[in-house]
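Asker: Next comes the structure file target-v1.pdb, holding PDB, C-alpha atoms and all ligand atoms.
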ATOM      1  CA  MET Z   1       0.000   0.000   0.000
ATOM      2  CA  LEU Z   2       1.026   3.610  -0.506
ATOM      3  CA  ILE Z   3       2.401   5.240   2.643
ATOM      4  CA  CYS Z   4       2.885   8.957   3.212
ATOM      5  CA  ASP Z   5       5.384  10.165   5.786
ATOM      6  CA  THR Z   6       3.527  13.278   6.851
ATOM      7  CA  LYS Z   7       6.635  14.585   8.620
ATOM      8  CA  LYS Z   8       8.215  14.952   5.167
ATOM      9  CA  CYS Z   9       5.092  15.908   3.194
ATOM     10  CA  ASP Z  10       4.578  19.642   2.670
ATOM     11  CA  PHE Z  11       1.075  19.136   1.222
ATOM     12  CA  CYS Z  12       2.063  20.641  -2.135
ATOM     13  CA  GLY Z  13      -0.605  18.668  -3.997
ATOM     14  CA  ALA Z  14       1.684  17.392  -6.770
ATOM     15  CA  CYS Z  15       0.775  13.764  -6.079
ATOM     16  CA  VAL Z  16      -2.926  14.526  -6.287
ATOM     17  CA  ALA Z  17      -2.429  16.257  -9.634
ATOM     18  CA  VAL Z  18      -0.399  13.410 -11.111
ATOM     19  CA  CYS Z  19      -2.386  10.388  -9.899
ATOM     20  CA  PRO Z  20      -4.293   8.933 -12.880
ATOM     21  CA  PHE Z  21      -6.771   7.200 -10.595
ATOM     22  CA  ASN Z  22      -7.759  10.039  -8.250
ATOM     23  CA  ALA Z  23      -6.616   7.879  -5.368
ATOM     24  CA  ILE Z  24      -5.252  10.654  -3.124
ATOM     25  CA  ASN Z  25      -7.160  13.195  -1.096
ATOM     26  CA  LEU Z  26      -5.374  16.020   0.668
ATOM     27  CA  TYR Z  27      -6.888  17.961   3.493
ATOM     28  CA  GLU Z  28      -5.224  20.487   5.701
ATOM     29  CA  ASN Z  29      -2.400  18.531   7.333
ATOM     30  CA  HIS Z  30      -3.996  15.227   6.438
ATOM     31  CA  PHE Z  31      -3.083  12.846   3.629
ATOM     32  CA  GLU Z  32      -5.512  10.108   2.579
ATOM     33  CA  VAL Z  33      -4.951   7.243   0.147
ATOM     34  CA  LEU Z  34      -8.059   5.572  -1.208
ATOM     35  CA  GLU Z  35      -6.834   2.010  -1.258
ATOM     36  CA  SER Z  36      -9.734   0.875  -3.406
ATOM     37  CA  LYS Z  37      -8.537   3.219  -6.189
ATOM     38  CA  CYS Z  38      -4.751   3.104  -5.799
ATOM     39  CA  THR Z  39      -3.089   0.663  -8.214
ATOM     40  CA  GLU Z  40       0.358   1.186  -6.638
ATOM     41  CA  CYS Z  41       1.610   2.412 -10.012
ATOM     42  CA  GLY Z  42       4.324   4.468  -8.299
ATOM     43  CA  ILE Z  43       3.928   7.653 -10.338
ATOM     44  CA  CYS Z  44       3.305   9.780  -7.263
ATOM     45  CA  VAL Z  45       6.263   8.214  -5.450
ATOM     46  CA  LYS Z  46       8.578   9.288  -8.284
ATOM     47  CA  ILE Z  47       7.353  12.874  -8.518
ATOM     48  CA  CYS Z  48       7.010  13.728  -4.807
ATOM     49  CA  PRO Z  49       9.519  16.552  -4.279
ATOM     50  CA  THR Z  50      10.089  15.739  -0.603
ATOM     51  CA  LYS Z  51      10.258  11.943  -1.062
ATOM     52  CA  ALA Z  52       7.456  11.504   1.438
ATOM     53  CA  LEU Z  53       5.797   8.618  -0.381
ATOM     54  CA  LYS Z  54       6.673   4.960  -0.588
ATOM     55  CA  ILE Z  55       4.947   1.740  -1.475
ATOM     56  CA  GLU Z  56       5.086  -0.978   1.130
ATOM     57  CA  LYS Z  57       4.001  -4.509   0.363
TER      58      LYS Z  57
HETATM   59  S1  LIG Z 101       3.724  15.278  -3.701
HETATM   60 FE1  LIG Z 101       4.729  14.625  -1.786
HETATM   61  S2  LIG Z 101       4.988  16.507  -0.598
HETATM   62 FE2  LIG Z 101       3.481  16.940  -2.198
HETATM   63  S3  LIG Z 101       1.485  16.520  -1.212
HETATM   64 FE3  LIG Z 101       2.119  14.646  -2.255
HETATM   65  S4  LIG Z 101       3.176  13.433  -0.656
HETATM   66 FE4  LIG Z 101       3.075  15.556   0.049
HETATM   67  S1  LIG Z 102       0.673   4.865  -6.564
HETATM   68 FE1  LIG Z 102      -0.318   5.477  -8.513
HETATM   69  S2  LIG Z 102      -2.493   5.037  -8.188
HETATM   70 FE2  LIG Z 102      -1.533   5.045  -6.169
HETATM   71  S3  LIG Z 102      -1.853   7.126  -5.422
HETATM   72 FE3  LIG Z 102       0.179   7.050  -6.426
HETATM   73  S4  LIG Z 102      -0.180   7.722  -8.543
HETATM   74 FE4  LIG Z 102      -2.147   7.174  -7.638
END
Would you mind writing the file's structure down as structure tokens?
Ligand code: SF4
Ligand code: SF4
Answerer:
Amino acid sequence: MLICDTKKCDFCGACVAVCPFNAINLYENHFEVLESKCTECGICVKICPTKALKIEK
């Protein structure tokens, strides 16, 4: 599953913009992955400028 380290995340929204499956919701200081939509494609992991995202099996 996709994990966000919210200590690293600056809530820039880049992952939301790039996700082809609309699987990420961002709220003020809260990051939510919709596991039913996320395909673990890794696109957001690659583009996150603060390297806050990773996929854990
Ligand atoms: S791209 Fe990275 S830093 Fe930006 S909101 Fe997403 S997880 Fe946070
Ligand atoms: S891993 Fe892919 S499907 Fe999952 S949230 Fe990131 S960009 Fe979207």
Asker: Please identify the residues whose atoms come within 7 Å of ligand LIG 101 (chain Z), using all atoms listed in the file, and report them as number ranges by chain.
Answerer: Z: 4, 8-16, 44, 47-53
Asker: Within 9 Å of ligand LIG 102 (chain Z), counting all atoms listed in the file, which protein or nucleic acid residues do you find, written as a PyMOL selection string?
Answerer: chain Z and resi 1-2+15-24+33-35+37-46+53-55
Asker: Store the residues of this selection in a file with C-alpha atoms, as a tab-separated table (two decimals), in the coordinates of the input.
Answerer:
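Saved to result_12.tsv:
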chain	number	residue	atom	x	y	z
Z	1	MET	CA	0.00	0.00	0.00
Z	2	LEU	CA	1.03	3.61	-0.51
Z	15	CYS	CA	0.78	13.76	-6.08
Z	16	VAL	CA	-2.93	14.53	-6.29
Z	17	ALA	CA	-2.43	16.26	-9.63
Z	18	VAL	CA	-0.40	13.41	-11.11
Z	19	CYS	CA	-2.39	10.39	-9.90
Z	20	PRO	CA	-4.29	8.93	-12.88
Z	21	PHE	CA	-6.77	7.20	-10.60
Z	22	ASN	CA	-7.76	10.04	-8.25
Z	23	ALA	CA	-6.62	7.88	-5.37
Z	24	ILE	CA	-5.25	10.65	-3.12
Z	33	VAL	CA	-4.95	7.24	0.15
Z	34	LEU	CA	-8.06	5.57	-1.21
Z	35	GLU	CA	-6.83	2.01	-1.26
Z	37	LYS	CA	-8.54	3.22	-6.19
Z	38	CYS	CA	-4.75	3.10	-5.80
Z	39	THR	CA	-3.09	0.66	-8.21
Z	40	GLU	CA	0.36	1.19	-6.64
Z	41	CYS	CA	1.61	2.41	-10.01
Z	42	GLY	CA	4.32	4.47	-8.30
Z	43	ILE	CA	3.93	7.65	-10.34
Z	44	CYS	CA	3.30	9.78	-7.26
Z	45	VAL	CA	6.26	8.21	-5.45
Z	46	LYS	CA	8.58	9.29	-8.28
Z	53	LEU	CA	5.80	8.62	-0.38
Z	54	LYS	CA	6.67	4.96	-0.59
Z	55	ILE	CA	4.95	1.74	-1.48
Asker: Hey, what's within 8 Å of Asn29 in chain Z if we count all atoms listed in the file and toss same-chain stuff fewer than 2 positions away? As a compact mmCIF listing (two decimals) with C-alpha atoms, in the coordinates of the input, please?
Answerer:
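Ended up saving to result_36.txt:
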# COMPACT_ATOMS: atom_id res chain seq x y z
CA THR Z 6 3.53 13.28 6.85
CA PHE Z 11 1.08 19.14 1.22
CA LEU Z 26 -5.37 16.02 0.67
CA TYR Z 27 -6.89 17.96 3.49
CA PHE Z 31 -3.08 12.85 3.63
